[in-house]
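To be precise, the following lines are upload02.cif, and they hold mmCIF, C-alpha atoms and all ligand atoms.
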```cif
data_structure
#
loop_
_atom_site.label_atom_id
_atom_site.label_comp_id
_atom_site.auth_asym_id
_atom_site.auth_seq_id
_atom_site.Cartn_x
_atom_site.Cartn_y
_atom_site.Cartn_z
CA MET W 1 -75.50 -15.78 -38.25
CA SER W 2 -77.90 -18.51 -37.24
CA SER W 3 -80.49 -16.64 -35.20
CA ASP W 4 -84.13 -16.44 -36.23
CA ILE W 5 -85.57 -13.70 -38.38
CA THR W 6 -88.56 -11.90 -36.92
CA LEU W 7 -90.99 -9.84 -38.99
CA ALA W 8 -92.83 -7.44 -36.70
CA PHE W 9 -95.91 -5.77 -38.21
CA LEU W 10 -96.28 -2.16 -37.08
CA GLY W 11 -99.47 -1.58 -39.06
CA HIS W 12 -100.16 -0.40 -42.63
CA SER W 13 -96.93 -1.17 -44.58
CA ALA W 14 -94.54 -0.60 -41.67
CA TRP W 15 -92.40 -3.52 -40.58
CA ARG W 16 -89.36 -4.30 -38.49
CA ILE W 17 -87.09 -7.12 -39.58
CA LEU W 18 -85.06 -8.27 -36.61
CA HIS W 19 -82.04 -10.53 -37.00
CA GLY W 20 -79.10 -10.67 -34.62
CA ASP W 21 -77.95 -7.12 -33.96
CA TYR W 22 -79.86 -5.76 -36.93
CA ASP W 23 -83.16 -3.92 -36.65
CA ILE W 24 -84.40 -2.91 -40.08
CA LEU W 25 -87.38 -0.62 -40.26
CA ILE W 26 -89.41 -0.54 -43.49
CA ASP W 27 -91.81 2.28 -44.46
CA PRO W 28 -92.13 3.60 -40.88
CA PHE W 29 -95.54 5.31 -40.93
CA ILE W 30 -96.07 5.51 -37.16
CA THR W 31 -97.11 9.05 -36.23
CA GLY W 32 -100.63 9.58 -37.54
CA ASN W 33 -101.07 5.88 -38.29
CA PRO W 34 -104.38 5.06 -36.60
CA VAL W 35 -103.45 1.39 -36.14
CA ALA W 36 -99.84 1.78 -34.93
CA THR W 37 -99.05 0.05 -31.65
CA VAL W 38 -95.70 1.76 -31.04
CA THR W 39 -94.56 5.37 -31.07
CA ALA W 40 -91.72 6.65 -33.23
CA ASP W 41 -89.57 7.49 -30.19
CA GLN W 42 -89.59 3.79 -29.21
CA LEU W 43 -87.76 2.92 -32.42
CA ASP W 44 -83.99 3.11 -32.89
CA PRO W 45 -83.28 0.94 -35.93
CA THR W 46 -79.94 0.16 -37.52
CA HIS W 47 -81.43 0.68 -41.00
CA ILE W 48 -84.51 2.22 -42.59
CA ILE W 49 -85.68 1.02 -45.99
CA LEU W 50 -88.18 3.17 -47.90
CA THR W 51 -90.15 2.01 -50.94
CA HIS W 52 -91.38 5.49 -51.95
CA GLY W 53 -92.02 8.98 -50.66
CA HIS W 54 -95.74 8.99 -49.86
CA GLY W 55 -96.51 10.07 -46.32
CA ASP W 56 -97.87 6.68 -45.31
CA HIS W 57 -94.45 5.14 -46.17
CA LEU W 58 -91.87 7.89 -45.59
CA GLY W 59 -93.68 8.37 -42.30
CA ASP W 60 -91.30 9.04 -39.43
CA ALA W 61 -88.18 8.14 -41.43
CA ILE W 62 -86.68 11.62 -41.35
CA GLY W 63 -87.24 12.05 -37.61
CA ILE W 64 -85.86 8.62 -36.75
CA GLY W 65 -83.05 8.76 -39.31
CA SER W 66 -81.84 12.21 -38.28
CA ARG W 67 -81.78 11.58 -34.51
CA GLY W 68 -80.39 8.03 -34.50
CA LYS W 69 -77.76 5.83 -36.08
CA ALA W 70 -79.90 4.42 -38.86
CA GLN W 71 -78.68 4.20 -42.41
CA VAL W 72 -81.52 4.98 -44.81
CA ILE W 73 -81.71 2.88 -47.97
CA SER W 74 -84.10 3.85 -50.75
CA THR W 75 -84.36 4.99 -54.34
CA PHE W 76 -82.00 7.72 -55.56
CA GLU W 77 -84.54 10.56 -55.28
CA VAL W 78 -85.91 9.52 -51.89
CA ALA W 79 -82.38 9.11 -50.49
CA ASN W 80 -81.43 12.59 -51.70
CA TYR W 81 -84.62 14.00 -50.19
CA VAL W 82 -84.03 12.54 -46.70
CA ARG W 83 -80.29 13.35 -46.79
CA GLY W 84 -81.21 16.99 -47.36
CA ARG W 85 -83.43 16.83 -44.27
CA GLY W 86 -80.94 15.50 -41.76
CA CYS W 87 -80.46 11.82 -42.55
CA ALA W 88 -76.69 12.00 -43.04
CA ASP W 89 -76.28 8.36 -43.99
CA ALA W 90 -78.68 7.82 -46.89
CA VAL W 91 -78.00 5.40 -49.73
CA GLY W 92 -79.81 5.86 -53.04
CA MET W 93 -80.13 2.83 -55.26
CA GLY W 94 -81.72 2.14 -58.62
CA ILE W 95 -84.54 -0.25 -59.47
CA GLY W 96 -83.11 -3.60 -60.53
CA GLY W 97 -79.93 -2.97 -58.57
CA ALA W 98 -78.80 -5.03 -55.59
CA HIS W 99 -76.16 -4.36 -52.96
CA ASN W 100 -74.71 -6.33 -50.06
CA PHE W 101 -74.99 -4.37 -46.81
CA ASN W 102 -73.66 -5.54 -43.44
CA PHE W 103 -76.99 -7.17 -42.55
CA GLY W 104 -77.66 -8.73 -45.96
CA ARG W 105 -78.66 -7.95 -49.51
CA VAL W 106 -81.12 -5.37 -50.77
CA LYS W 107 -82.53 -5.44 -54.28
CA PHE W 108 -85.04 -2.86 -55.47
CA THR W 109 -87.75 -4.04 -57.81
CA ILE W 110 -90.32 -2.27 -59.93
CA ALA W 111 -93.65 -1.17 -58.49
CA HIS W 112 -96.50 0.36 -60.48
CA HIS W 113 -97.59 3.33 -58.41
CA SER W 114 -96.22 6.89 -57.92
CA SER W 115 -93.83 8.61 -55.53
CA SER W 116 -93.84 12.10 -54.08
CA ALA W 117 -93.14 13.58 -50.68
CA PRO W 118 -95.87 14.97 -48.43
CA ASP W 119 -94.67 18.49 -49.40
CA GLY W 120 -95.33 17.69 -53.07
CA THR W 121 -91.71 17.11 -54.11
CA TYR W 122 -91.71 14.58 -56.94
CA LEU W 123 -89.56 11.59 -56.01
CA GLY W 124 -89.19 9.50 -59.14
CA ASN W 125 -90.32 5.93 -59.40
CA PRO W 126 -91.66 3.90 -56.49
CA ALA W 127 -90.14 0.51 -55.71
CA GLY W 128 -90.57 -2.80 -54.07
CA VAL W 129 -87.67 -4.46 -52.32
CA VAL W 130 -86.27 -7.95 -51.83
CA ILE W 131 -84.29 -8.16 -48.59
CA THR W 132 -82.11 -11.23 -48.09
CA ILE W 133 -81.09 -11.65 -44.46
CA GLY W 134 -80.13 -14.70 -42.42
CA GLY W 135 -80.40 -16.85 -45.53
CA ARG W 136 -84.04 -15.84 -46.13
CA SER W 137 -85.51 -13.55 -48.76
CA ILE W 138 -88.39 -11.26 -47.92
CA TYR W 139 -90.23 -9.29 -50.60
CA HIS W 140 -91.93 -6.07 -49.52
CA ALA W 141 -93.98 -5.03 -52.54
CA GLY W 142 -94.39 -1.40 -51.46
CA ASP W 143 -97.49 0.11 -53.01
CA THR W 144 -98.18 -1.43 -56.36
CA ALA W 145 -100.66 -2.64 -58.91
CA LEU W 146 -100.51 -6.24 -60.02
CA PHE W 147 -97.92 -6.72 -62.76
CA LEU W 148 -96.86 -9.74 -64.75
CA ASP W 149 -93.15 -9.21 -64.02
CA MET W 150 -93.78 -10.38 -60.48
CA GLN W 151 -93.08 -13.76 -62.06
CA LEU W 152 -89.50 -12.57 -62.62
CA ILE W 153 -89.13 -11.37 -59.03
CA GLY W 154 -90.15 -14.78 -57.75
CA SER W 155 -87.85 -16.60 -60.15
CA ARG W 156 -84.71 -14.51 -59.49
CA ASP W 157 -84.90 -15.04 -55.72
CA HIS W 158 -86.77 -17.79 -53.95
CA LEU W 159 -89.06 -15.78 -51.69
CA ASP W 160 -89.55 -17.08 -48.17
CA VAL W 161 -92.07 -14.35 -47.38
CA ALA W 162 -94.00 -11.91 -49.58
CA LEU W 163 -95.55 -8.85 -47.91
CA LEU W 164 -98.33 -7.76 -50.27
CA PRO W 165 -100.72 -4.81 -50.23
CA ILE W 166 -104.34 -5.94 -50.46
CA GLY W 167 -106.33 -2.82 -49.55
CA ASP W 168 -107.41 -1.86 -53.09
CA TYR W 169 -108.06 1.81 -54.00
CA PHE W 170 -104.32 2.79 -53.89
CA THR W 171 -102.85 -0.66 -54.60
CA MET W 172 -103.78 -4.21 -55.50
CA GLY W 173 -106.98 -5.46 -53.96
CA VAL W 174 -107.63 -8.98 -52.70
CA LYS W 175 -108.25 -10.60 -56.09
CA ASP W 176 -105.17 -9.07 -57.73
CA ALA W 177 -103.00 -9.85 -54.70
CA VAL W 178 -104.00 -13.52 -54.94
CA THR W 179 -102.74 -13.51 -58.54
CA ALA W 180 -99.59 -11.69 -57.38
CA ALA W 181 -98.95 -14.51 -54.92
CA GLU W 182 -99.37 -17.06 -57.71
CA PHE W 183 -96.80 -15.13 -59.78
CA LEU W 184 -94.32 -14.75 -56.90
CA MET W 185 -94.59 -18.30 -55.52
CA PRO W 186 -93.44 -17.39 -51.99
CA ASP W 187 -93.48 -19.86 -49.11
CA LEU W 188 -95.66 -17.49 -47.11
CA VAL W 189 -97.77 -14.40 -47.85
CA ILE W 190 -98.59 -11.75 -45.26
CA PRO W 191 -101.05 -9.02 -46.28
CA MET W 192 -100.52 -5.34 -45.53
CA HIS W 193 -101.83 -1.88 -46.53
CA TYR W 194 -105.44 -2.56 -45.56
CA ASP W 195 -107.88 -1.58 -42.78
CA THR W 196 -105.78 1.47 -41.85
CA PHE W 197 -108.30 3.94 -43.29
CA PRO W 198 -111.91 3.56 -44.53
CA PRO W 199 -111.14 3.38 -48.30
CA ILE W 200 -108.81 0.40 -47.85
CA LYS W 201 -111.00 -1.76 -45.61
CA VAL W 202 -110.98 -5.32 -46.93
CA ASP W 203 -111.53 -8.81 -45.54
CA ALA W 204 -108.07 -10.26 -44.90
CA GLU W 205 -109.58 -13.61 -43.93
CA ASP W 206 -111.17 -13.79 -47.38
CA PHE W 207 -107.69 -13.18 -48.84
CA ARG W 208 -106.22 -15.91 -46.66
CA SER W 209 -108.88 -18.47 -47.61
CA ARG W 210 -108.53 -17.67 -51.33
CA LEU W 211 -104.78 -18.28 -51.07
CA GLU W 212 -105.22 -21.49 -49.13
CA GLU W 213 -107.61 -22.78 -51.83
CA LYS W 214 -104.62 -22.43 -54.15
CA GLY W 215 -102.23 -24.11 -51.74
CA ILE W 216 -100.43 -20.89 -50.80
CA ARG W 217 -99.74 -20.29 -47.09
CA CYS W 218 -100.87 -17.01 -45.62
CA ALA W 219 -100.52 -15.47 -42.17
CA VAL W 220 -102.73 -12.54 -41.23
CA LEU W 221 -101.05 -10.39 -38.59
CA ARG W 222 -102.66 -7.64 -36.56
CA PRO W 223 -100.56 -4.54 -35.90
CA GLY W 224 -98.21 -5.38 -33.04
CA GLU W 225 -97.98 -9.06 -33.98
CA SER W 226 -94.89 -10.80 -35.32
CA HIS W 227 -93.97 -13.78 -37.43
CA THR W 228 -90.66 -15.57 -36.87
CA ILE W 229 -88.85 -17.81 -39.33
CA PRO W 230 -85.69 -19.81 -38.68
CA ALA W 231 -82.51 -18.70 -40.40
CA GLY W 232 -81.90 -20.33 -43.78
CA ALA W 233 -78.82 -21.97 -45.21
NI NI W 301 -98.10 5.17 -51.99
MN MN W 302 -99.44 3.68 -49.37
#
```

Hey, can you dump this file as structure tokens for me?
Ligand code: NI
Ligand code: MN
Amino acid sequence: MSSDITLAFLGHSAWRILHGDYDILIDPFITGNPVATVTADQLDPTHIILTHGHGDHLGDAIGIGSRGKAQVISTFEVANYVRGRGCADAVGMGIGGAHNFNFGRVKFTIAHHSSSAPDGTYLGNPAGVVITIGGRSIYHAGDTALFLDMQLIGSRDHLDVALLPIGDYFTMGVKDAVTAAEFLMPDLVIPMHYDTFPPIKVDAEDFRSRLEEKGIRCAVLRPGESHTIPAGA
């Protein structure tokens, strides 16, 4: 498929990846997200990818996944959890594992964080994810601390885009996310997981200028904005 790939930022860590007929929703925290520019009922994705079970990532996944056609792809525990709550088509993968779906390839990566559902159910390890679609690879880091093995993630797959949390408090802050970008060596970094709530207010322009000093491209998107890349080989 030769059409462009569009990354639409829904606020916080919620994204849509649009390519051809595919509409892949990641960490759809919409309801209760103070910066969301869409409502959950406006979304009818083909797939939902979840990095972990926290409410600001699981979000509206169960509502959207149980009323629509979406296949939910996540870790084993999160997939079991949403399947038990109405998402009939839920695929549970393991960290380090990859699989080719109809739209492209999904590989789950480690993330240093935690994972539980809003009701307190423990949901195993959190993850990041590398999604390869239209010949491009996009890394969504989920919620994570900085870790040295990001060097491996960037060397296994050339990353066209890295979506990195920068909000501090729950995840990497600006300084650690700059080092993460140096480890990952992506063509483009887009920050996420900041400015949604008071404890994670940071200066994204400071992040962007620190990256540019190191020769790393960065695009700062406001919720509702998109970034489009041409399909790769
Ligand atoms: Ni979290
Ligand atoms: Mn989070």

Non-local contacts of stretch 159-166 of chain W (9 Å; all atoms listed in the file; under 6 positions in same chain excluded) as a count of residues only: 39

Non-local contacts of W:Ser66 (10 Å; all atoms listed in the file; under 6 positions in same chain excluded) as a ChimeraX atom specification: /W:72,82-83,85-89

Hey, can you check how far atom CA of W:Ala127 sits from atom CA of W:Ser74?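 Taking atom CA of W:Ala127 as the start and atom CA of W:Ser74 as the end point, the length is 8.5 Å.
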
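Residue neighbourhood of W:Glu77, excluding near-sequence residues (fewer than 2 positions): W:Thr75, W:Ala79, W:Asn80, W:Tyr81, W:Gly92, W:Leu123, W:Gly124, at 8 Å, using only C-alpha atoms.
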
Please indicate the distance in Å from atom CA of W:Asp27 to atom CA of W:Leu148, rounded to one decimal place.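 Spanning atom CA of W:Asp27 to atom CA of W:Leu148 is a straight-line distance of 24.1 Å.
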
Considering all atoms listed in the file, return as a list of chain:residue names whatever protein or nucleic-acid residues lie within 12 Å of W:Gly94, sequence-local ones (same chain, fewer than 5 positions apart) excluded. W:Thr51, W:Ile73, W:Ser74, W:Thr75, W:Phe76, W:Glu77, W:Val78, W:Ala79, W:His99, W:Val106, W:Lys107, W:Phe108, W:Thr109, W:Ile110, W:Gly124, W:Asn125, W:Pro126, W:Ala127, W:Gly128, W:Val129

Go through chain W and flag each residue having an atom no more than 7 Å from ligand NI 301 (chain W); for those, report the closest pair of atoms plus their distance in Å to one decimal, using all atoms listed in the file, ordered by chain and rising number, as a tab-separated table.
```
residue	atom	partner	partner_atom	distance
W:His52	CA	W:NI301	NI	6.7
W:His54	CA	W:NI301	NI	5.0
W:Asp56	CA	W:NI301	NI	6.9
W:His57	CA	W:NI301	NI	6.9
W:His113	CA	W:NI301	NI	6.7
W:Ser114	CA	W:NI301	NI	6.5
W:Ser115	CA	W:NI301	NI	6.5
W:Asp143	CA	W:NI301	NI	5.2
W:Phe170	CA	W:NI301	NI	6.9
```

With distances taken over only C-alpha atoms and all ligand atoms, which residue among W:His158, W:His112, W:Arg208, W:His227 lies nearest ligand MN 302 (chain W)?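 When distances to ligand MN 302 (chain W) are compared using only C-alpha atoms and all ligand atoms, the smallest one comes from W:His112.
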
Quick one: 5 Å padding each side, axis-aligned, all listed atoms of stretch 108-112 of chain W - centre and edge lengths in Å to one decimal, as lines of an AutoDock Vina configuration file?
```
center_x = -90.8
center_y = -1.8
center_z = -58.0
size_x = 21.5
size_y = 14.4
size_z = 15.0
```

For W:Asp41, list every protein, DNA or RNA residue within 10 Å, evaluated using only C-alpha atoms, and leave out those in the same chain fewer than 6 positions away; present the list as a CSV table (one decimal) with C-alpha atoms, in the coordinates of the input.
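Printed below is result.csv as written:
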```csv
chain,number,residue,atom,x,y,z
W,30,ILE,CA,-96.1,5.5,-37.2
W,31,THR,CA,-97.1,9.0,-36.2
W,60,ASP,CA,-91.3,9.0,-39.4
W,63,GLY,CA,-87.2,12.0,-37.6
W,64,ILE,CA,-85.9,8.6,-36.8
W,67,ARG,CA,-81.8,11.6,-34.5
```

Which residue of W:Ile24, W:Arg217, W:Asp44, W:Gly11 approaches ligand MN 302 (chain W) most closely, using all atoms listed in the file: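 Answer, going by the shortest atom-to-atom distance: W:Gly11.
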
Quick one: of W:Gln151, W:Gln71, W:Thr121, W:Asn33, who's nearest to ligand MN 302 (chain W), counting only C-alpha atoms and all ligand atoms? W:Asn33

Quick one, how far is atom CA of W:Gly154 from atom CA of W:Ala61?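 Pair atom CA of W:Gly154 / atom CA of W:Ala61 returns 28.2 Å.
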
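Nearest-residue note for ligand MN 302 (chain W): choosing from W:Phe9, W:Phe103, W:Tyr22, W:Phe29, the minimum distance belongs to W:Phe29, counting only C-alpha atoms and all ligand atoms.
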
Which residue out of W:Gly55, W:Glu212, W:Leu25, W:Ile17 has the minimum interatomic distance to W:Ser116 when all atoms listed in the file are used? W:Gly55

Missing atoms of stretch 192-214 of chain W rebuilt to N, CA, C and O atoms, written as an mmCIF file, in the frame of the given file:
```
data_model
loop_
_atom_site.group_PDB
_atom_site.id
_atom_site.type_symbol
_atom_site.label_atom_id
_atom_site.label_comp_id
_atom_site.auth_asym_id
_atom_site.auth_seq_id
_atom_site.Cartn_x
_atom_site.Cartn_y
_atom_site.Cartn_z
ATOM 1 N N MET W 192 -100.756 -6.637 -46.174
ATOM 2 C CA MET W 192 -100.520 -5.340 -45.530
ATOM 3 C C MET W 192 -101.291 -4.269 -46.304
ATOM 4 O O MET W 192 -101.974 -4.566 -47.278
ATOM 5 N N HIS W 193 -101.198 -3.021 -45.839
ATOM 6 C CA HIS W 193 -101.830 -1.880 -46.530
ATOM 7 C C HIS W 193 -103.328 -2.076 -46.683
ATOM 8 O O HIS W 193 -103.889 -1.885 -47.759
ATOM 9 N N TYR W 194 -103.984 -2.452 -45.576
ATOM 10 C CA TYR W 194 -105.440 -2.560 -45.560
ATOM 11 C C TYR W 194 -105.925 -2.253 -44.149
ATOM 12 O O TYR W 194 -105.160 -2.358 -43.183
ATOM 13 N N ASP W 195 -107.206 -1.842 -44.067
ATOM 14 C CA ASP W 195 -107.880 -1.580 -42.780
ATOM 15 C C ASP W 195 -107.295 -0.409 -41.989
ATOM 16 O O ASP W 195 -107.716 -0.182 -40.850
ATOM 17 N N THR W 196 -106.344 0.326 -42.566
ATOM 18 C CA THR W 196 -105.780 1.470 -41.850
ATOM 19 C C THR W 196 -106.761 2.645 -41.893
ATOM 20 O O THR W 196 -106.930 3.347 -40.889
ATOM 21 N N PHE W 197 -107.358 2.842 -43.056
ATOM 22 C CA PHE W 197 -108.300 3.940 -43.290
ATOM 23 C C PHE W 197 -109.544 3.361 -43.971
ATOM 24 O O PHE W 197 -109.457 2.301 -44.588
ATOM 25 N N PRO W 198 -110.673 4.093 -43.920
ATOM 26 C CA PRO W 198 -111.910 3.560 -44.530
ATOM 27 C C PRO W 198 -111.776 3.115 -45.992
ATOM 28 O O PRO W 198 -112.305 2.043 -46.328
ATOM 29 N N PRO W 199 -111.106 3.848 -46.899
ATOM 30 C CA PRO W 199 -111.140 3.380 -48.300
ATOM 31 C C PRO W 199 -110.408 2.068 -48.547
ATOM 32 O O PRO W 199 -110.593 1.458 -49.602
ATOM 33 N N ILE W 200 -109.572 1.638 -47.621
ATOM 34 C CA ILE W 200 -108.810 0.400 -47.850
ATOM 35 C C ILE W 200 -109.227 -0.710 -46.870
ATOM 36 O O ILE W 200 -108.444 -1.590 -46.541
ATOM 37 N N LYS W 201 -110.476 -0.665 -46.443
ATOM 38 C CA LYS W 201 -111.000 -1.760 -45.610
ATOM 39 C C LYS W 201 -111.306 -2.959 -46.494
ATOM 40 O O LYS W 201 -112.071 -2.855 -47.451
ATOM 41 N N VAL W 202 -110.685 -4.078 -46.205
ATOM 42 C CA VAL W 202 -110.980 -5.320 -46.930
ATOM 43 C C VAL W 202 -110.993 -6.475 -45.920
ATOM 44 O O VAL W 202 -110.585 -6.326 -44.772
ATOM 45 N N ASP W 203 -111.443 -7.631 -46.403
ATOM 46 C CA ASP W 203 -111.530 -8.810 -45.540
ATOM 47 C C ASP W 203 -110.266 -9.660 -45.723
ATOM 48 O O ASP W 203 -110.140 -10.408 -46.696
ATOM 49 N N ALA W 204 -109.340 -9.529 -44.790
ATOM 50 C CA ALA W 204 -108.070 -10.260 -44.900
ATOM 51 C C ALA W 204 -108.280 -11.765 -44.777
ATOM 52 O O ALA W 204 -107.514 -12.549 -45.354
ATOM 53 N N GLU W 205 -109.310 -12.172 -44.044
ATOM 54 C CA GLU W 205 -109.580 -13.610 -43.930
ATOM 55 C C GLU W 205 -110.054 -14.185 -45.270
ATOM 56 O O GLU W 205 -109.755 -15.336 -45.598
ATOM 57 N N ASP W 206 -110.773 -13.378 -46.033
ATOM 58 C CA ASP W 206 -111.170 -13.790 -47.380
ATOM 59 C C ASP W 206 -109.915 -13.986 -48.250
ATOM 60 O O ASP W 206 -109.794 -14.972 -48.993
ATOM 61 N N PHE W 207 -108.974 -13.056 -48.116
ATOM 62 C CA PHE W 207 -107.690 -13.180 -48.840
ATOM 63 C C PHE W 207 -106.989 -14.479 -48.446
ATOM 64 O O PHE W 207 -106.545 -15.251 -49.298
ATOM 65 N N ARG W 208 -106.914 -14.715 -47.151
ATOM 66 C CA ARG W 208 -106.220 -15.910 -46.660
ATOM 67 C C ARG W 208 -106.884 -17.180 -47.195
ATOM 68 O O ARG W 208 -106.214 -18.101 -47.666
ATOM 69 N N SER W 209 -108.221 -17.235 -47.163
ATOM 70 C CA SER W 209 -108.880 -18.470 -47.610
ATOM 71 C C SER W 209 -108.746 -18.650 -49.121
ATOM 72 O O SER W 209 -108.597 -19.774 -49.599
ATOM 73 N N ARG W 210 -108.753 -17.547 -49.876
ATOM 74 C CA ARG W 210 -108.530 -17.670 -51.330
ATOM 75 C C ARG W 210 -107.135 -18.203 -51.641
ATOM 76 O O ARG W 210 -106.954 -18.986 -52.581
ATOM 77 N N LEU W 211 -106.142 -17.763 -50.862
ATOM 78 C CA LEU W 211 -104.780 -18.280 -51.070
ATOM 79 C C LEU W 211 -104.699 -19.752 -50.697
ATOM 80 O O LEU W 211 -104.071 -20.553 -51.400
ATOM 81 N N GLU W 212 -105.326 -20.100 -49.582
ATOM 82 C CA GLU W 212 -105.220 -21.490 -49.130
ATOM 83 C C GLU W 212 -105.903 -22.444 -50.100
ATOM 84 O O GLU W 212 -105.447 -23.570 -50.282
ATOM 85 N N GLU W 213 -106.971 -21.969 -50.771
ATOM 86 C CA GLU W 213 -107.610 -22.780 -51.830
ATOM 87 C C GLU W 213 -106.615 -23.109 -52.936
ATOM 88 O O GLU W 213 -106.743 -24.104 -53.627
ATOM 89 N N LYS W 214 -105.631 -22.229 -53.107
ATOM 90 C CA LYS W 214 -104.620 -22.430 -54.150
ATOM 91 C C LYS W 214 -103.344 -23.051 -53.596
ATOM 92 O O LYS W 214 -102.322 -23.126 -54.288
#
```
